[in-house]
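So this one's my_file.cif, mmCIF, C-alpha atoms, pLDDT in the B column; chains and numbers go by the auth columns:
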```cif
data_my_file
loop_
_atom_site.group_PDB
_atom_site.id
_atom_site.type_symbol
_atom_site.label_atom_id
_atom_site.label_comp_id
_atom_site.label_asym_id
_atom_site.label_seq_id
_atom_site.Cartn_x
_atom_site.Cartn_y
_atom_site.Cartn_z
_atom_site.B_iso_or_equiv
_atom_site.auth_seq_id
_atom_site.auth_asym_id
ATOM 1 C CA MET A 1 92.225 13.368 19.807 68.00 1 U
ATOM 2 C CA GLU A 2 94.287 10.247 20.322 70.00 2 U
ATOM 3 C CA GLN A 3 91.044 8.259 20.650 76.00 3 U
ATOM 4 C CA TYR A 4 90.519 8.619 16.887 81.00 4 U
ATOM 5 C CA LYS A 5 93.679 6.728 15.934 84.00 5 U
ATOM 6 C CA GLY A 6 93.229 4.518 12.870 83.00 6 U
ATOM 7 C CA LEU A 7 90.330 6.387 11.229 87.00 7 U
ATOM 8 C CA ASP A 8 90.713 6.540 7.444 87.00 8 U
ATOM 9 C CA LYS A 9 88.765 9.637 6.384 91.00 9 U
ATOM 10 C CA THR A 10 88.144 12.825 8.346 91.00 10 U
ATOM 11 C CA LEU A 11 86.286 15.997 7.408 91.00 11 U
ATOM 12 C CA TYR A 12 87.475 19.180 9.125 90.00 12 U
ATOM 13 C CA ILE A 13 84.984 22.049 9.026 87.00 13 U
ATOM 14 C CA TRP A 14 86.556 25.437 9.663 84.00 14 U
ATOM 15 C CA SER A 15 85.149 28.905 10.265 81.00 15 U
ATOM 16 C CA THR A 16 88.406 30.975 10.080 80.00 16 U
ATOM 17 C CA THR A 17 91.679 30.365 8.276 80.00 17 U
ATOM 18 C CA GLU A 18 93.673 31.120 11.418 80.00 18 U
ATOM 19 C CA ASN A 19 95.749 28.067 12.351 82.00 19 U
ATOM 20 C CA LEU A 20 93.880 26.061 9.701 86.00 20 U
ATOM 21 C CA GLU A 21 96.950 24.288 8.366 88.00 21 U
ATOM 22 C CA LYS A 22 98.217 23.521 11.869 88.00 22 U
ATOM 23 C CA GLN A 23 94.872 22.044 12.883 86.00 23 U
ATOM 24 C CA VAL A 24 94.750 19.821 9.801 89.00 24 U
ATOM 25 C CA GLU A 25 98.248 18.485 10.522 90.00 25 U
ATOM 26 C CA GLU A 26 97.267 17.676 14.110 88.00 26 U
ATOM 27 C CA ILE A 27 94.225 15.737 12.940 88.00 27 U
ATOM 28 C CA LYS A 28 96.313 13.787 10.431 89.00 28 U
ATOM 29 C CA ALA A 29 98.836 12.927 13.103 89.00 29 U
ATOM 30 C CA ALA A 30 96.100 11.813 15.498 87.00 30 U
ATOM 31 C CA THR A 31 94.114 9.669 13.060 87.00 31 U
ATOM 32 C CA GLY A 32 96.774 8.549 10.622 86.00 32 U
ATOM 33 C CA GLY A 33 94.325 8.987 7.742 88.00 33 U
ATOM 34 C CA ASP A 34 93.278 11.533 5.111 90.00 34 U
ATOM 35 C CA VAL A 35 91.726 14.871 6.065 91.00 35 U
ATOM 36 C CA GLN A 36 89.456 16.971 3.885 89.00 36 U
ATOM 37 C CA VAL A 37 88.510 20.558 4.755 90.00 37 U
ATOM 38 C CA GLU A 38 85.254 22.455 4.236 89.00 38 U
ATOM 39 C CA ASN A 39 84.097 25.936 5.201 87.00 39 U
ATOM 40 C CA ILE A 40 81.200 25.957 7.682 82.00 40 U
ATOM 41 C CA ASN A 41 79.256 28.470 5.586 82.00 41 U
ATOM 42 C CA ARG A 42 79.418 26.244 2.497 83.00 42 U
ATOM 43 C CA LEU A 43 78.550 22.998 4.267 80.00 43 U
ATOM 44 C CA THR A 44 74.955 22.942 3.081 78.00 44 U
ATOM 45 C CA MET A 45 76.160 23.254 -0.519 83.00 45 U
ATOM 46 C CA ALA A 46 78.722 20.449 -0.234 82.00 46 U
ATOM 47 C CA THR A 47 78.259 17.484 -2.565 85.00 47 U
ATOM 48 C CA TYR A 48 79.860 14.753 -0.488 88.00 48 U
ATOM 49 C CA GLU A 49 78.199 11.342 -0.672 89.00 49 U
ATOM 50 C CA ASN A 50 76.473 9.984 2.372 88.00 50 U
ATOM 51 C CA ALA A 51 78.512 7.791 4.720 88.00 51 U
ATOM 52 C CA SER A 52 81.795 9.212 3.426 88.00 52 U
ATOM 53 C CA PHE A 53 83.662 9.962 6.669 92.00 53 U
ATOM 54 C CA ASP A 54 84.731 8.166 9.825 92.00 54 U
ATOM 55 C CA LEU A 55 85.224 11.423 11.731 92.00 55 U
ATOM 56 C CA ILE A 56 83.959 14.984 11.366 91.00 56 U
ATOM 57 C CA VAL A 57 85.648 17.758 13.349 90.00 57 U
ATOM 58 C CA ILE A 58 84.058 21.200 13.625 86.00 58 U
ATOM 59 C CA GLU A 59 86.093 24.177 14.760 78.00 59 U
ATOM 60 C CA ASN A 60 83.142 26.283 15.896 70.00 60 U
ATOM 61 C CA ALA A 61 79.628 24.821 16.060 62.00 61 U
ATOM 62 C CA GLN A 62 77.480 27.780 15.161 63.00 62 U
ATOM 63 C CA LEU A 63 74.988 26.160 12.759 59.00 63 U
ATOM 64 C CA THR A 64 72.915 23.640 14.696 59.00 64 U
ATOM 65 C CA ASP A 65 70.609 23.226 11.687 70.00 65 U
ATOM 66 C CA ALA A 66 73.486 21.461 9.883 80.00 66 U
ATOM 67 C CA PHE A 67 73.694 18.521 12.328 85.00 67 U
ATOM 68 C CA GLY A 68 71.320 16.496 10.162 86.00 68 U
ATOM 69 C CA LYS A 69 73.634 16.981 7.196 86.00 69 U
ATOM 70 C CA LEU A 70 76.634 15.895 9.280 87.00 70 U
ATOM 71 C CA LEU A 71 74.798 12.763 10.386 90.00 71 U
ATOM 72 C CA ASN A 72 74.302 11.720 6.753 89.00 72 U
ATOM 73 C CA LEU A 73 77.979 12.342 5.917 90.00 73 U
ATOM 74 C CA LEU A 74 79.216 10.044 8.671 91.00 74 U
ATOM 75 C CA LYS A 75 79.554 6.298 8.323 91.00 75 U
ATOM 76 C CA PRO A 76 77.647 4.122 10.790 91.00 76 U
ATOM 77 C CA LYS A 77 79.271 4.517 14.224 91.00 77 U
ATOM 78 C CA GLY A 78 81.194 7.499 12.884 92.00 78 U
ATOM 79 C CA LYS A 79 82.231 10.240 15.335 92.00 79 U
ATOM 80 C CA LEU A 80 81.389 13.951 15.448 91.00 80 U
ATOM 81 C CA HIS A 81 83.773 16.146 17.450 90.00 81 U
ATOM 82 C CA LEU A 82 82.986 19.787 18.260 87.00 82 U
ATOM 83 C CA LEU A 83 86.157 21.634 19.244 81.00 83 U
ATOM 84 C CA THR A 84 84.375 24.785 20.372 70.00 84 U
ATOM 85 C CA TYR A 85 80.720 25.766 20.406 66.00 85 U
ATOM 86 C CA VAL A 86 78.551 28.795 20.941 63.00 86 U
ATOM 87 C CA GLY A 87 75.832 28.572 23.607 65.00 87 U
ATOM 88 C CA GLY A 88 75.252 26.177 26.499 71.00 88 U
ATOM 89 C CA SER A 89 76.377 22.570 26.222 79.00 89 U
ATOM 90 C CA GLU A 90 72.936 21.301 27.261 84.00 90 U
ATOM 91 C CA SER A 91 71.194 22.992 24.336 83.00 91 U
ATOM 92 C CA ILE A 92 73.842 21.729 21.897 85.00 92 U
ATOM 93 C CA CYS A 93 73.541 18.164 23.244 86.00 93 U
ATOM 94 C CA GLN A 94 69.771 18.358 22.906 87.00 94 U
ATOM 95 C CA GLU A 95 70.080 19.447 19.272 87.00 95 U
ATOM 96 C CA LEU A 96 72.483 16.585 18.591 87.00 96 U
ATOM 97 C CA LYS A 97 70.088 14.010 20.052 89.00 97 U
ATOM 98 C CA LEU A 98 67.186 15.418 18.071 88.00 98 U
ATOM 99 C CA SER A 99 69.317 15.150 14.919 87.00 99 U
ATOM 100 C CA GLY A 100 69.930 11.427 15.546 89.00 100 U
ATOM 101 C CA PHE A 101 73.292 11.326 17.341 91.00 101 U
ATOM 102 C CA ILE A 102 73.880 9.088 20.367 91.00 102 U
ATOM 103 C CA ASN A 103 76.438 8.693 23.177 91.00 103 U
ATOM 104 C CA THR A 104 76.955 12.423 23.604 90.00 104 U
ATOM 105 C CA THR A 105 79.716 13.432 26.052 89.00 105 U
ATOM 106 C CA THR A 106 81.152 16.816 27.029 88.00 106 U
ATOM 107 C CA SER A 107 84.616 17.758 28.290 82.00 107 U
ATOM 108 C CA GLN A 108 85.866 21.321 28.836 76.00 108 U
ATOM 109 C CA ASN A 109 84.941 23.166 25.595 76.00 109 U
ATOM 110 C CA SER A 110 84.428 20.119 23.367 84.00 110 U
ATOM 111 C CA ILE A 111 81.532 17.778 22.673 88.00 111 U
ATOM 112 C CA THR A 112 81.748 14.270 21.193 90.00 112 U
ATOM 113 C CA CYS A 113 78.901 12.158 19.866 91.00 113 U
ATOM 114 C CA GLU A 114 78.342 9.160 17.604 93.00 114 U
ATOM 115 C CA LYS A 115 76.175 8.082 14.700 93.00 115 U
ATOM 116 C CA PRO A 116 74.125 4.891 15.338 90.00 116 U
ATOM 117 C CA GLY A 117 75.407 1.621 13.940 88.00 117 U
ATOM 118 C CA TYR A 118 73.091 1.693 10.912 83.00 118 U
ATOM 119 C CA GLU A 119 72.773 3.890 7.856 79.00 119 U
ATOM 120 C CA THR A 120 70.204 6.673 7.714 71.00 120 U
ATOM 121 C CA GLY A 121 67.112 5.448 5.859 72.00 121 U
ATOM 122 C CA SER A 122 68.017 1.757 6.185 74.00 122 U
ATOM 123 C CA ALA A 123 65.156 -0.710 6.608 76.00 123 U
ATOM 124 C CA VAL A 124 64.774 -4.148 8.111 72.00 124 U
ATOM 125 C CA LYS A 125 62.148 -6.624 6.997 77.00 125 U
ATOM 126 C CA LEU A 126 59.826 -7.540 9.836 76.00 126 U
ATOM 127 C CA SER A 127 58.256 -10.941 10.167 73.00 127 U
ATOM 128 C CA PHE A 128 54.584 -10.935 11.116 72.00 128 U
ATOM 129 C CA ALA A 129 54.241 -14.705 10.982 69.00 129 U
ATOM 130 C CA LYS A 130 52.293 -16.039 13.894 69.00 130 U
ATOM 131 C CA ALA A 131 54.676 -17.551 16.370 64.00 131 U
ATOM 132 C CA LYS A 132 54.118 -21.166 17.270 68.00 132 U
ATOM 133 C CA PRO A 133 52.689 -21.520 20.745 68.00 133 U
ATOM 134 C CA ALA A 134 55.151 -22.707 23.296 65.00 134 U
ATOM 135 C CA ALA A 135 54.783 -26.248 24.498 65.00 135 U
ATOM 136 C CA ALA A 136 52.614 -26.464 27.575 62.00 136 U
ATOM 137 C CA ALA A 137 54.702 -26.672 30.684 63.00 137 U
ATOM 138 C CA VAL A 138 54.375 -29.938 32.574 64.00 138 U
ATOM 139 C CA TRP A 139 53.857 -29.495 36.282 66.00 139 U
ATOM 140 C CA LYS A 140 55.953 -31.774 38.395 63.00 140 U
ATOM 141 C CA ILE A 141 55.796 -32.016 42.155 61.00 141 U
ATOM 142 C CA ASP A 142 58.936 -32.815 44.082 60.00 142 U
ATOM 143 C CA GLY A 143 59.039 -36.447 45.030 55.00 143 U
ATOM 144 C CA ASP A 144 57.007 -37.715 42.046 52.00 144 U
ATOM 145 C CA GLU A 145 59.498 -40.500 41.446 54.00 145 U
ATOM 146 C CA ALA A 146 59.248 -41.666 45.020 49.00 146 U
ATOM 147 C CA GLU A 147 55.448 -41.645 44.876 51.00 147 U
ATOM 148 C CA GLU A 148 55.420 -43.755 41.726 55.00 148 U
ATOM 149 C CA GLU A 149 57.239 -46.514 43.612 60.00 149 U
ATOM 150 C CA ASP A 150 54.410 -46.632 46.194 69.00 150 U
ATOM 151 C CA LEU A 151 51.555 -47.011 43.693 76.00 151 U
ATOM 152 C CA ILE A 152 48.976 -49.691 44.536 79.00 152 U
ATOM 153 C CA ASN A 153 48.471 -52.541 42.124 81.00 153 U
ATOM 154 C CA GLU A 154 44.996 -52.056 40.643 81.00 154 U
ATOM 155 C CA ASP A 155 44.384 -55.831 40.692 79.00 155 U
ATOM 156 C CA ASP A 156 44.634 -55.765 44.481 81.00 156 U
ATOM 157 C CA LEU A 157 41.492 -53.608 44.573 82.00 157 U
ATOM 158 C CA LEU A 158 39.379 -56.430 43.126 81.00 158 U
ATOM 159 C CA ASP A 159 37.992 -59.291 45.176 82.00 159 U
ATOM 160 C CA GLU A 160 37.147 -62.773 43.905 81.00 160 U
ATOM 161 C CA GLU A 161 33.520 -61.812 43.276 80.00 161 U
ATOM 162 C CA ASP A 162 34.616 -58.979 40.972 78.00 162 U
ATOM 163 C CA LYS A 163 36.770 -61.340 38.936 78.00 163 U
ATOM 164 C CA LYS A 164 33.926 -63.761 38.163 78.00 164 U
ATOM 165 C CA LYS A 165 32.687 -63.654 34.588 76.00 165 U
ATOM 166 C CA PRO A 166 28.989 -62.832 34.252 70.00 166 U
ATOM 167 C CA ASP A 167 26.490 -65.378 32.995 69.00 167 U
ATOM 168 C CA PRO A 168 26.129 -64.930 29.213 66.00 168 U
ATOM 169 C CA GLU A 169 22.377 -65.379 29.582 64.00 169 U
ATOM 170 C CA SER A 170 22.204 -62.357 31.870 64.00 170 U
ATOM 171 C CA LEU A 171 23.928 -60.267 29.205 65.00 171 U
ATOM 172 C CA ARG A 172 21.439 -61.113 26.460 69.00 172 U
ATOM 173 C CA VAL A 173 19.817 -57.980 25.042 73.00 173 U
ATOM 174 C CA CYS A 174 17.003 -57.316 22.620 72.00 174 U
ATOM 175 C CA GLY A 175 18.056 -57.137 18.992 67.00 175 U
ATOM 176 C CA THR A 176 15.678 -54.217 18.434 71.00 176 U
ATOM 177 C CA THR A 177 16.263 -52.019 21.491 69.00 177 U
ATOM 178 C CA GLY A 178 19.908 -52.982 21.971 68.00 178 U
ATOM 179 C CA LYS A 179 19.198 -53.159 25.722 75.00 179 U
ATOM 180 C CA ARG A 180 18.078 -55.806 28.177 73.00 180 U
ATOM 181 C CA LYS A 181 14.535 -54.645 27.655 77.00 181 U
ATOM 182 C CA ALA A 182 12.009 -56.444 25.510 76.00 182 U
ATOM 183 C CA CYS A 183 10.454 -54.598 22.610 78.00 183 U
ATOM 184 C CA LYS A 184 6.684 -54.289 22.191 76.00 184 U
ATOM 185 C CA ASN A 185 6.280 -57.338 19.963 76.00 185 U
ATOM 186 C CA CYS A 186 9.062 -59.500 21.405 77.00 186 U
ATOM 187 C CA SER A 187 9.470 -62.834 19.631 73.00 187 U
ATOM 188 C CA CYS A 188 12.966 -63.828 20.763 76.00 188 U
ATOM 189 C CA GLY A 189 11.886 -65.011 24.225 74.00 189 U
ATOM 190 C CA LEU A 190 13.509 -62.139 26.144 76.00 190 U
ATOM 191 C CA ALA A 191 10.120 -60.872 27.348 79.00 191 U
ATOM 192 C CA ASP A 192 9.274 -64.301 28.845 80.00 192 U
ATOM 193 C CA GLU A 193 12.750 -64.500 30.432 80.00 193 U
ATOM 194 C CA LEU A 194 12.397 -61.078 32.046 79.00 194 U
ATOM 195 C CA GLU A 195 8.889 -61.921 33.282 80.00 195 U
ATOM 196 C CA ALA A 196 10.181 -65.161 34.851 78.00 196 U
ATOM 197 C CA GLU A 197 12.934 -63.238 36.627 75.00 197 U
ATOM 198 C CA LYS A 198 10.355 -60.765 37.877 73.00 198 U
ATOM 199 C CA GLN A 199 8.125 -63.562 39.195 68.00 199 U
ATOM 200 C CA GLN A 200 11.066 -65.230 40.885 66.00 200 U
ATOM 201 C CA LYS A 201 11.997 -62.032 42.707 59.00 201 U
ATOM 202 C CA SER A 202 8.362 -61.464 43.763 52.00 202 U
ATOM 203 C CA LYS A 203 8.067 -64.754 45.672 53.00 203 U
ATOM 204 C CA VAL A 204 8.449 -64.484 49.405 48.00 204 U
ATOM 205 C CA GLU A 205 8.503 -67.254 52.036 47.00 205 U
ATOM 206 C CA THR A 206 6.038 -66.535 54.863 48.00 206 U
ATOM 207 C CA GLN A 207 6.736 -69.621 56.960 48.00 207 U
ATOM 208 C CA ASN A 208 9.159 -67.787 59.255 51.00 208 U
ATOM 209 C CA ALA A 209 7.582 -64.345 58.761 51.00 209 U
ATOM 210 C CA LYS A 210 6.366 -62.628 61.893 59.00 210 U
ATOM 211 C CA SER A 211 3.499 -60.221 61.876 64.00 211 U
ATOM 212 C CA SER A 212 3.520 -57.170 64.150 69.00 212 U
ATOM 213 C CA CYS A 213 -0.235 -57.569 64.763 72.00 213 U
ATOM 214 C CA GLY A 214 -0.527 -61.344 64.318 73.00 214 U
ATOM 215 C CA SER A 215 -3.692 -61.034 62.246 76.00 215 U
ATOM 216 C CA CYS A 216 -2.390 -60.597 58.669 79.00 216 U
ATOM 217 C CA TYR A 217 -3.482 -64.122 57.588 77.00 217 U
ATOM 218 C CA LEU A 218 -7.085 -63.493 58.688 81.00 218 U
ATOM 219 C CA GLY A 219 -7.898 -61.061 55.859 81.00 219 U
ATOM 220 C CA ASP A 220 -8.216 -57.321 55.209 81.00 220 U
ATOM 221 C CA ALA A 221 -10.727 -56.863 58.043 83.00 221 U
ATOM 222 C CA PHE A 222 -7.943 -57.695 60.521 81.00 222 U
ATOM 223 C CA ARG A 223 -4.980 -56.018 58.688 79.00 223 U
ATOM 224 C CA CYS A 224 -3.525 -52.588 59.404 80.00 224 U
ATOM 225 C CA SER A 225 -3.282 -49.850 56.748 74.00 225 U
ATOM 226 C CA THR A 226 0.396 -50.593 55.992 75.00 226 U
ATOM 227 C CA CYS A 227 0.071 -54.373 55.818 78.00 227 U
ATOM 228 C CA PRO A 228 1.841 -55.831 52.727 74.00 228 U
ATOM 229 C CA TYR A 229 -0.944 -58.435 52.415 75.00 229 U
ATOM 230 C CA LEU A 230 -3.654 -55.792 52.122 73.00 230 U
ATOM 231 C CA GLY A 231 -6.023 -56.668 49.271 76.00 231 U
ATOM 232 C CA MET A 232 -5.069 -60.347 49.241 79.00 232 U
ATOM 233 C CA PRO A 233 -7.273 -63.254 50.363 82.00 233 U
ATOM 234 C CA ALA A 234 -6.821 -64.821 53.767 81.00 234 U
ATOM 235 C CA PHE A 235 -4.243 -67.605 54.105 78.00 235 U
ATOM 236 C CA LYS A 236 -3.056 -70.085 56.667 77.00 236 U
ATOM 237 C CA PRO A 237 0.086 -69.337 58.715 73.00 237 U
ATOM 238 C CA GLY A 238 3.180 -70.795 56.947 69.00 238 U
ATOM 239 C CA GLU A 239 1.477 -70.859 53.572 71.00 239 U
ATOM 240 C CA LYS A 240 3.532 -69.543 50.614 67.00 240 U
ATOM 241 C CA VAL A 241 2.123 -66.249 49.429 64.00 241 U
ATOM 242 C CA GLN A 242 3.139 -64.343 46.292 62.00 242 U
ATOM 243 C CA LEU A 243 3.480 -60.570 46.861 57.00 243 U
ATOM 244 C CA ALA A 244 3.665 -57.785 44.298 53.00 244 U
ATOM 245 C CA GLY A 245 7.166 -56.505 43.674 52.00 245 U
ATOM 246 C CA ASN A 246 6.414 -53.064 45.120 50.00 246 U
ATOM 247 C CA LEU A 247 5.500 -54.639 48.463 50.00 247 U
ATOM 248 C CA LEU A 248 8.688 -56.636 48.993 48.00 248 U
ATOM 249 C CA ASN A 249 10.363 -53.880 50.974 48.00 249 U
ATOM 250 C CA SER A 250 7.341 -53.167 53.202 46.00 250 U
ATOM 251 C CA ASP A 251 7.492 -54.061 56.865 46.00 251 U
ATOM 252 C CA LEU A 252 5.039 -56.525 58.305 43.00 252 U
#
```

Could you show the structure in this file as structure tokens?
Amino acid sequence: MEQYKGLDKTLYIWSTTENLEKQVEEIKAATGGDVQVENINRLTMATYENASFDLIVIENAQLTDAFGKLLNLLKPKGKLHLLTYVGGSESICQELKLSGFINTTTSQNSITCEKPGYETGSAVKLSFAKAKPAAAAVWKIDGDEAEEEDLINEDDLLDEEDKKKPDPESLRVCGTTGKRKACKNCSCGLADELEAEKQQKSKVETQNAKSSCGSCYLGDAFRCSTCPYLGMPAFKPGEKVQLAGNLLNSDL
């Protein structure tokens, strides 16, 4: 019992008076503290306060239903030492675990166990506050720093045409629609401007135009079904002819 050196208070539970005084003296010598004695048959009637002892030694563990009482009498991390016991060690160890003891060990005819490091019936306040979400992890690929040094200057992607400022007149929009589209009763001149642009785009020079059939200028009677001049009056070769916008992309 040298492992119990320095324990202040010990309870020795005896079943017979034989060698009682000798056993108490040995416990005192081993622990260096005070030793109180109690008969095993009167244990359930004892009025000791809970958490009163650092060590409890039992001469003969016959009453397994008293282990719960012994657990309450021990201080947190207090030791229970069974000198002798009746029955198999496995059944006794099982009863001790069910009663709340931990770290049970056996050696020859003795069993040692320990009370947990908290008092029986103690409570701890739990926090149910919602934990703050962890900051999103930032993915980083090896060599990012090296890649940043090789980045292309975005200005190098622009040519001189891209850098030219647009004509303010081409950006003029309708005050009603907010777009470059004239409203129904346009009075700001945007409708006339858009119509002039449309007419300008619809003009085509036929002086150098070549006809696949060579008869387009003669009139519809001589034109094929896909002729862009279909429906227009006859004209002289080289004469300027105004085509509808939807015919500009047609092939002669």

Exercise for review: Could you list the residues chosen by the PyMOL selection byres ((chain U and resi 3) around 12) in this structure as a list in words?
Suggested key: Met1, Glu2, Tyr4, Lys5, Gly6, Leu7, Ile27, Ala29, Ala30, Thr31, Gly32, Leu55, Lys79, His81 and Thr112 of chain U

Residues from last step as file, C-alpha atoms, as a JSON list (two decimals), in the frame of the given file:
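Result file is result-v3.json:
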```
[["chain", "number", "residue", "atom", "x", "y", "z"],
["U", 1, "MET", "CA", 92.22, 13.37, 19.81],
["U", 2, "GLU", "CA", 94.29, 10.25, 20.32],
["U", 4, "TYR", "CA", 90.52, 8.62, 16.89],
["U", 5, "LYS", "CA", 93.68, 6.73, 15.93],
["U", 6, "GLY", "CA", 93.23, 4.52, 12.87],
["U", 7, "LEU", "CA", 90.33, 6.39, 11.23],
["U", 27, "ILE", "CA", 94.22, 15.74, 12.94],
["U", 29, "ALA", "CA", 98.84, 12.93, 13.10],
["U", 30, "ALA", "CA", 96.10, 11.81, 15.50],
["U", 31, "THR", "CA", 94.11, 9.67, 13.06],
["U", 32, "GLY", "CA", 96.77, 8.55, 10.62],
["U", 55, "LEU", "CA", 85.22, 11.42, 11.73],
["U", 79, "LYS", "CA", 82.23, 10.24, 15.34],
["U", 81, "HIS", "CA", 83.77, 16.15, 17.45],
["U", 112, "THR", "CA", 81.75, 14.27, 21.19]]
```

Study note, to complete from the structure: Restricting to only C-alpha atoms, whichever of U:Ala46, U:Ala51, U:Val37, U:Leu96 is closest to Asp65 in chain U is U:Leu96

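Nearest residue to Pro76 in chain U among U:Cys93, U:Cys174, U:Leu190, U:Ile102 is U:Ile102, counting only C-alpha atoms.
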
Point to revise | Contacts of Thr16 in chain U at 12 Å (only C-alpha atoms; same-chain gap of 5+ positions) as a PyMOL selection string | key: chain U and resi 21+23+37-41+58-60

Practice item. Determine the residue membership of the PyMOL selection byres ((chain U and resi 231) around 12) for the file above and supply it as a PyMOL selection string. Key: chain U and resi 216-230+232-234+243-244+247

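You will find CA of Leu126 in chain U at 23.3 Å from CA of Lys77 in chain U.
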
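The interatomic distance for the pair CA of Leu82 in chain U and CA of Glu114 in chain U works out to 11.6 Å.
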
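CA of Lys115 in chain U to CA of Leu74 in chain U spans 7.0 Å [interatomic distance, one decimal].
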
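Minimum atom-to-atom distances from U:Thr106, U:Pro116, U:Met45, U:Glu95 to Gly78 in chain U were compared using all atoms listed in the file, and the lowest value belongs to U:Pro116.
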